[in-house]
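Q: Sharing a structure with you now.
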Amino acid sequence: MQDLPDLGRSSTVPMVVKRELSYSAPSFQRAQRVHWETKAVASQTCYNDIFQARCPQPQRILISHAKYGHIEVSKCVDAMFSSFGALGCYANVTDIVGSRCNGKPRCEIDGDDPVIVSSNVCKAGLPVYMDIAYVCLPETLTIHHCNPLKVSRQLQYVLSTDLWNQHCFYDADQNLNVAIQADANMKIKLRLRLVHVQQLHSVSIAYADNEEIEIHLNNGEITEVPVDQLTLKLSNQDNVFLIGFQAFGCDDMAAPAYAWVSRERDVATIGCYHSEYEWKMSCVGSKWIGPRSNCKNKKQALFTSDILFALIIGVTVLLCAIVITIGYVCLKRAKYTYEAKSAPYEMATMMSDPSNTSTWQKAKLQGNNDTLILPSTHLQTLQLR
């Protein structure tokens with residue numbers, strides 16, 4: 001698949017621009033193929049055989065075409081019948097077979113099924129058989145409304161025939177217009193896979209200011225569209241194909257503290273409210289890549305978490321020191337009071353006054369006995385009396 005053109009918005013007067021896929025630009029990229037393939041399984045069922053179709057879970061059967069008649073030389077029609085000139089005769093029984101098999105993981109139809117046999121339009125007596133082709137499709141969306149198809153990060157599928165059955169999608173020219181929408185600033189992946197084609201055809205994608213591109217239905221590669229909403233325009237109901245769509249890109253970035261964020265597609269600019277400092281990040285895949293910084297409020301610079309933490313530790317240490325000092329003083333006073341009360345009366349009298357340091361310390365040195373030794377000054381006073 002060729003690269004597609006850039007889908008940027010035009011700054012000129014709006015006009016319809018149709019571009020073929022012969023340009024090369026980075027806006028559209030070819031993504032890696034997924035494992036699911038819509039390869040048709042062909043089967044020829046003779047009159048006395050049984051047609052069997054099987055699909056692995058969770059895939060479902062879709063009948064591409066079903067014919068019944070004297071079609072061509074095969075395992076059911078011998079080469080001798082080619083001389084009769086009746087080869088190529090058949091009836092289209094796609095609707096009959098599809099009504100019994102479509103949407104099921106498996107189905108069986110007898111080669112002599114009376115409904116199918118009754119549709120025979122070939123000459124009587126010629127060997128006839130069923131020629132059936134089917135594909136196994138992934139689980140598809142069931143369309144019950146005409147709202148835009150909401151795109152998520154999960155890959156989803158819808159069948160073109162289901163869209164045609166919703167007549168509210170038609171425009172005045174009987175074309176089908178289906179809106180596909182993703183979250184803002186996301187992008188959309190599209191994959192169109194052929195199931196049954198009457199003739200080669202293309203699908204038109206409308207976007208932006210009435211601009212259009214054409215995607216041909218002859219490949220199954222993924223097309224990445226760098227817009228969050230577009231419109232598929234289908235004009236041929238006979239072509240049956242599967243439409244896969246998925247959102248990709250980066251979600252909008254949350255602004256850091258004291259900062260603003262401005263996004264332009266895949267580039268985000270982050271700036272600080274209180275300074276001219278800015279930095280940029282780029283969306284790569286589904287992640288933002290680039291430098292990660294932060295902004296600080298200058299008016300609250302003195303009250304950062306680090307400073308508050310240091311203040312709390314300092315106040316705690318100070319309170320602990322005060323409590324320890326007060327406890328030590330109280331303990332000391334209690335000790336002196338206890339010793340004074342346990343001493344003789346005269347010694348307790350002197351020791352009860354802690355300010356008289358020289359007196360009670362000397363009395364304490366004498367031990368706990370009945371002899372009271374007084375200082376010389378007190379002795380002289382007693383003699384005078």
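Ligands are numbered from 1 in the order shown, residues from 1 within each chain, and chains are lettered A, B, ... in the order they appear in the structure tokens.
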Tell me which protein, DNA and RNA residues are within 12 Å of segment 152-157 of chain A, counting only C-alpha atoms, leaving out same-chain ones fewer than 4 positions away, and put them as a PDB file with N, CA and C atoms, in the first residue's frame.
A:
```
ATOM      1  N   VAL A  34      -1.796  -7.654  11.018  1.00  0.00           N
ATOM      2  CA  VAL A  34      -2.265  -8.485  12.116  1.00  0.00           C
ATOM      3  C   VAL A  34      -2.428  -9.904  11.612  1.00  0.00           C
ATOM      4  N   TRP A  36      -5.014 -11.951  11.740  1.00  0.00           N
ATOM      5  CA  TRP A  36      -6.278 -12.363  11.161  1.00  0.00           C
ATOM      6  C   TRP A  36      -6.291 -12.060   9.662  1.00  0.00           C
ATOM      7  N   GLN A  59     -14.333 -16.545  15.979  1.00  0.00           N
ATOM      8  CA  GLN A  59     -14.679 -16.127  14.633  1.00  0.00           C
ATOM      9  C   GLN A  59     -15.995 -16.756  14.192  1.00  0.00           C
ATOM     10  N   LEU A 137     -14.827 -14.600  10.035  1.00  0.00           N
ATOM     11  CA  LEU A 137     -14.670 -13.213  10.433  1.00  0.00           C
ATOM     12  C   LEU A 137     -14.527 -13.095  11.939  1.00  0.00           C
ATOM     13  N   PRO A 138     -13.785 -12.099  12.394  1.00  0.00           N
ATOM     14  CA  PRO A 138     -13.746 -11.845  13.846  1.00  0.00           C
ATOM     15  C   PRO A 138     -15.096 -11.299  14.298  1.00  0.00           C
ATOM     16  N   GLU A 139     -15.251 -11.194  15.590  1.00  0.00           N
ATOM     17  CA  GLU A 139     -16.503 -10.674  16.132  1.00  0.00           C
ATOM     18  C   GLU A 139     -16.713  -9.238  15.675  1.00  0.00           C
ATOM     19  N   THR A 140     -17.894  -8.954  15.140  1.00  0.00           N
ATOM     20  CA  THR A 140     -18.196  -7.629  14.604  1.00  0.00           C
ATOM     21  C   THR A 140     -19.212  -6.917  15.486  1.00  0.00           C
ATOM     22  N   LEU A 141     -19.231  -5.592  15.361  1.00  0.00           N
ATOM     23  CA  LEU A 141     -20.192  -4.783  16.092  1.00  0.00           C
ATOM     24  C   LEU A 141     -21.585  -4.966  15.505  1.00  0.00           C
ATOM     25  N   THR A 142     -22.565  -4.959  16.361  1.00  0.00           N
ATOM     26  CA  THR A 142     -23.952  -4.979  15.919  1.00  0.00           C
ATOM     27  C   THR A 142     -24.467  -3.550  15.909  1.00  0.00           C
ATOM     28  N   ILE A 143     -24.904  -3.088  14.752  1.00  0.00           N
ATOM     29  CA  ILE A 143     -25.326  -1.703  14.588  1.00  0.00           C
ATOM     30  C   ILE A 143     -26.820  -1.603  14.866  1.00  0.00           C
ATOM     31  N   ASP A 162     -23.808  -4.599   7.193  1.00  0.00           N
ATOM     32  CA  ASP A 162     -24.554  -4.146   8.361  1.00  0.00           C
ATOM     33  C   ASP A 162     -24.762  -2.635   8.332  1.00  0.00           C
ATOM     34  N   LEU A 163     -23.787  -1.919   7.780  1.00  0.00           N
ATOM     35  CA  LEU A 163     -23.931  -0.468   7.670  1.00  0.00           C
ATOM     36  C   LEU A 163     -24.963  -0.099   6.616  1.00  0.00           C
ATOM     37  N   ILE A 180     -16.905   8.088  11.987  1.00  0.00           N
ATOM     38  CA  ILE A 180     -16.076   7.365  12.949  1.00  0.00           C
ATOM     39  C   ILE A 180     -15.375   8.404  13.814  1.00  0.00           C
ATOM     40  N   GLN A 181     -15.481   8.249  15.124  1.00  0.00           N
ATOM     41  CA  GLN A 181     -15.001   9.290  16.040  1.00  0.00           C
ATOM     42  C   GLN A 181     -14.208   8.680  17.188  1.00  0.00           C
ATOM     43  N   ALA A 182     -13.062   9.299  17.488  1.00  0.00           N
ATOM     44  CA  ALA A 182     -12.230   8.915  18.628  1.00  0.00           C
ATOM     45  C   ALA A 182     -12.206  10.059  19.631  1.00  0.00           C
ATOM     46  N   ASP A 183     -11.575   9.846  20.770  1.00  0.00           N
ATOM     47  CA  ASP A 183     -11.429  10.913  21.752  1.00  0.00           C
ATOM     48  C   ASP A 183     -10.571  12.038  21.169  1.00  0.00           C
ATOM     49  N   ALA A 184     -10.747  13.227  21.712  1.00  0.00           N
ATOM     50  CA  ALA A 184     -10.014  14.388  21.223  1.00  0.00           C
ATOM     51  C   ALA A 184      -8.507  14.148  21.256  1.00  0.00           C
ATOM     52  N   MET A 186      -6.767  12.092  19.723  1.00  0.00           N
ATOM     53  CA  MET A 186      -6.346  10.747  19.369  1.00  0.00           C
ATOM     54  C   MET A 186      -6.337  10.611  17.853  1.00  0.00           C
ATOM     55  N   LYS A 187      -5.823   9.482  17.357  1.00  0.00           N
ATOM     56  CA  LYS A 187      -5.797   9.215  15.917  1.00  0.00           C
ATOM     57  C   LYS A 187      -6.481   7.885  15.653  1.00  0.00           C
ATOM     58  N   ILE A 188      -6.762   7.614  14.392  1.00  0.00           N
ATOM     59  CA  ILE A 188      -7.573   6.449  14.039  1.00  0.00           C
ATOM     60  C   ILE A 188      -6.811   5.553  13.077  1.00  0.00           C
ATOM     61  N   LYS A 189      -6.850   4.247  13.369  1.00  0.00           N
ATOM     62  CA  LYS A 189      -6.334   3.237  12.454  1.00  0.00           C
ATOM     63  C   LYS A 189      -7.505   2.598  11.720  1.00  0.00           C
ATOM     64  N   LEU A 190      -7.360   2.456  10.406  1.00  0.00           N
ATOM     65  CA  LEU A 190      -8.384   1.811   9.599  1.00  0.00           C
ATOM     66  C   LEU A 190      -7.777   0.632   8.856  1.00  0.00           C
ATOM     67  N   ARG A 191      -8.575  -0.429   8.736  1.00  0.00           N
ATOM     68  CA  ARG A 191      -8.160  -1.559   7.917  1.00  0.00           C
ATOM     69  C   ARG A 191      -9.371  -2.095   7.182  1.00  0.00           C
ATOM     70  N   LEU A 192      -9.336  -2.051   5.863  1.00  0.00           N
ATOM     71  CA  LEU A 192     -10.434  -2.518   5.033  1.00  0.00           C
ATOM     72  C   LEU A 192     -10.039  -3.852   4.411  1.00  0.00           C
ATOM     73  N   ARG A 193     -10.793  -4.907   4.743  1.00  0.00           N
ATOM     74  CA  ARG A 193     -10.499  -6.237   4.238  1.00  0.00           C
ATOM     75  C   ARG A 193     -11.643  -6.717   3.356  1.00  0.00           C
ATOM     76  N   ILE A 222      -2.994  -1.676   7.206  1.00  0.00           N
ATOM     77  CA  ILE A 222      -3.568  -0.701   8.129  1.00  0.00           C
ATOM     78  C   ILE A 222      -3.163   0.707   7.712  1.00  0.00           C
ATOM     79  N   ASP A 228      -8.988  12.805  14.735  1.00  0.00           N
ATOM     80  CA  ASP A 228      -9.817  12.100  15.712  1.00  0.00           C
ATOM     81  C   ASP A 228     -11.245  11.869  15.231  1.00  0.00           C
ATOM     82  N   PHE A 241     -17.120  -5.942   2.511  1.00  0.00           N
ATOM     83  CA  PHE A 241     -15.795  -5.891   3.116  1.00  0.00           C
ATOM     84  C   PHE A 241     -15.927  -5.593   4.594  1.00  0.00           C
ATOM     85  N   LEU A 242     -14.864  -5.876   5.306  1.00  0.00           N
ATOM     86  CA  LEU A 242     -14.818  -5.688   6.744  1.00  0.00           C
ATOM     87  C   LEU A 242     -14.044  -4.410   7.050  1.00  0.00           C
ATOM     88  N   ILE A 243     -14.578  -3.611   7.942  1.00  0.00           N
ATOM     89  CA  ILE A 243     -13.936  -2.352   8.342  1.00  0.00           C
ATOM     90  C   ILE A 243     -13.423  -2.514   9.772  1.00  0.00           C
ATOM     91  N   GLY A 244     -12.133  -2.458   9.934  1.00  0.00           N
ATOM     92  CA  GLY A 244     -11.524  -2.503  11.262  1.00  0.00           C
ATOM     93  C   GLY A 244     -11.071  -1.114  11.662  1.00  0.00           C
ATOM     94  N   PHE A 245     -11.330  -0.717  12.891  1.00  0.00           N
ATOM     95  CA  PHE A 245     -10.916   0.615  13.335  1.00  0.00           C
ATOM     96  C   PHE A 245     -10.476   0.561  14.786  1.00  0.00           C
ATOM     97  N   GLN A 246      -9.536   1.437  15.125  1.00  0.00           N
ATOM     98  CA  GLN A 246      -8.912   1.440  16.444  1.00  0.00           C
ATOM     99  C   GLN A 246      -8.306   2.812  16.693  1.00  0.00           C
ATOM    100  N   ALA A 247      -8.384   3.285  17.930  1.00  0.00           N
ATOM    101  CA  ALA A 247      -7.781   4.560  18.311  1.00  0.00           C
ATOM    102  C   ALA A 247      -6.358   4.333  18.802  1.00  0.00           C
ATOM    103  N   PHE A 248      -5.482   5.262  18.494  1.00  0.00           N
ATOM    104  CA  PHE A 248      -4.118   5.192  19.003  1.00  0.00           C
ATOM    105  C   PHE A 248      -3.607   6.605  19.237  1.00  0.00           C
ATOM    106  N   GLY A 249      -2.527   6.697  19.996  1.00  0.00           N
ATOM    107  CA  GLY A 249      -1.975   7.999  20.348  1.00  0.00           C
ATOM    108  C   GLY A 249      -1.897   8.159  21.853  1.00  0.00           C
ATOM    109  N   CYS A 250      -1.650   9.380  22.301  1.00  0.00           N
ATOM    110  CA  CYS A 250      -1.483   9.682  23.721  1.00  0.00           C
ATOM    111  C   CYS A 250      -2.697  10.437  24.243  1.00  0.00           C
ATOM    112  N   ASP A 251      -3.123  10.071  25.434  1.00  0.00           N
ATOM    113  CA  ASP A 251      -4.174  10.836  26.105  1.00  0.00           C
ATOM    114  C   ASP A 251      -3.622  12.217  26.476  1.00  0.00           C
ATOM    115  N   GLY A 285       3.975   6.614  19.977  1.00  0.00           N
ATOM    116  CA  GLY A 285       3.100   5.471  20.253  1.00  0.00           C
ATOM    117  C   GLY A 285       1.955   5.910  21.148  1.00  0.00           C
ATOM    118  N   SER A 286       1.975   5.479  22.384  1.00  0.00           N
ATOM    119  CA  SER A 286       0.944   5.878  23.347  1.00  0.00           C
ATOM    120  C   SER A 286       1.553   6.509  24.595  1.00  0.00           C
TER     121      SER A 286
END
```
Q: So which residues touch Trp164 of chain A within 12 Å, counting only C-alpha atoms, skipping near sequence neighbours fewer than 4 positions away, as a PDB file with C-alpha atoms, in the first residue's frame?
A:
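Output (result-v7.pdb):
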```pdb
ATOM      1  CA  ILE A 143     -25.326  -1.703  14.588  1.00  0.00           C
ATOM      2  CA  CYS A 146     -27.006   5.814  13.317  1.00  0.00           C
ATOM      3  CA  VAL A 158     -17.991  -3.809  11.457  1.00  0.00           C
ATOM      4  CA  LEU A 159     -19.287  -5.393   8.253  1.00  0.00           C
ATOM      5  CA  SER A 160     -20.192  -3.119   5.347  1.00  0.00           C
ATOM      6  CA  CYS A 168     -30.271   6.576   8.028  1.00  0.00           C
ATOM      7  CA  PHE A 169     -26.670   6.585   6.782  1.00  0.00           C
ATOM      8  CA  TYR A 170     -27.755   7.342   3.199  1.00  0.00           C
ATOM      9  CA  ASP A 171     -27.284  10.753   1.635  1.00  0.00           C
ATOM     10  CA  GLN A 174     -27.856   7.078  -2.061  1.00  0.00           C
ATOM     11  CA  ASN A 175     -24.273   6.856  -0.885  1.00  0.00           C
ATOM     12  CA  LEU A 176     -23.426   5.638   2.584  1.00  0.00           C
ATOM     13  CA  ASN A 177     -21.810   8.082   4.993  1.00  0.00           C
ATOM     14  CA  VAL A 178     -20.564   6.610   8.275  1.00  0.00           C
ATOM     15  CA  LYS A 233     -18.217   7.239   2.110  1.00  0.00           C
ATOM     16  CA  LEU A 234     -19.364   4.021   0.416  1.00  0.00           C
ATOM     17  CA  SER A 235     -21.047   3.972  -2.987  1.00  0.00           C
ATOM     18  CA  ASN A 236     -21.212   0.297  -4.018  1.00  0.00           C
ATOM     19  CA  GLN A 237     -23.434  -1.973  -1.965  1.00  0.00           C
ATOM     20  CA  ASP A 238     -22.414  -5.098  -3.898  1.00  0.00           C
ATOM     21  CA  ASN A 239     -18.917  -5.054  -2.456  1.00  0.00           C
ATOM     22  CA  VAL A 240     -18.755  -6.733   0.939  1.00  0.00           C
ATOM     23  CA  PHE A 241     -15.795  -5.891   3.116  1.00  0.00           C
TER      24      PHE A 241
END
```
Q: In Å to one decimal, how far is atom CA of Pro105 of chain A from atom CA of Ile71 of chain A?
A: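 Atom CA of Pro105 of chain A lies 27.9 Å from atom CA of Ile71 of chain A.
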Q: Going by DSSP on the backbone, which residues of segment 268-310 of chain A come out as alpha helix (DSSP H)? List them as a list in words.
A: Ser305, Asp306, Ile307, Leu308, Phe309 and Ala310 of chain A
Q: Provide the atom CA of Arg54 of chain A to atom CA of Ser74 of chain A distance in Å, to one decimal place.
A: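 Those two atoms sit 22.6 Å apart.
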Q: What separation in Å, quoted to one decimal, exists between atom CA of Glu108 of chain A and atom CA of Gln52 of chain A?
A: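 Atom CA of Gln52 of chain A lies at a distance of 4.6 Å from atom CA of Glu108 of chain A.
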Q: Which residues come within 6 Å of Ile132 of chain A, counting only C-alpha atoms, excluding same-chain residues fewer than 3 positions away, as number ranges by chain?
A: A: 42-43, 65-66
Q: If you keep C-alpha atoms, can you produce a file of those selected residues as a CSV table (one decimal), in the first residue's frame?
A:
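Saved the output as result-v7.csv:
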```
chain,number,residue,atom,x,y,z
A,42,ALA,CA,-13.9,-22.8,-1.3
A,43,SER,CA,-15.9,-26.0,-1.2
A,65,HIS,CA,-21.0,-16.8,-2.5
A,66,ALA,CA,-23.0,-20.0,-3.1
```
Q: Counting only C-alpha atoms, what is within 8 Å of Ile270 of chain A, bar same-chain residues fewer than 2 positions away, as a CSV table (one decimal) with C-alpha atoms, in the first residue's frame?
A:
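See part-v9.csv below for the written result:
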```csv
chain,number,residue,atom,x,y,z
A,255,ALA,CA,-0.8,19.7,34.0
A,259,ALA,CA,2.0,24.8,35.4
A,260,TRP,CA,-0.1,24.9,32.2
A,261,VAL,CA,-0.2,22.5,29.2
A,262,SER,CA,-0.7,23.3,25.5
A,268,ALA,CA,2.8,19.1,24.2
A,272,CYS,CA,5.3,27.5,34.6
A,278,GLU,CA,8.9,25.9,29.4
A,279,TRP,CA,9.7,22.4,28.1
A,280,LYS,CA,8.3,20.1,25.4
```
Q: Check segment 27-262 of chain A with DSSP on the backbone and list each residue it calls strand (DSSP E or B), as a ChimeraX atom specification.
A: /A:30,41-45,50-54,60-70,89-92,106-110,129-137,149-150,156-159,170,176-181,187-196,202-207,211-216,223-225,229-234,240-248,259-262
Q: Could you tell me which of A:Lys332, A:Lys75, A:Lys150, A:His196 comes closest to Lys39 of chain A if we count only C-alpha atoms?
A: A:His196
Q: Write out as a PyMOL selection string the residues lying within 12 Å of Asp49 of chain A, counting only C-alpha atoms and excluding same-chain residues fewer than 3 positions away.
A: chain A and resi 43-46+52+75-76+108-113+128-130
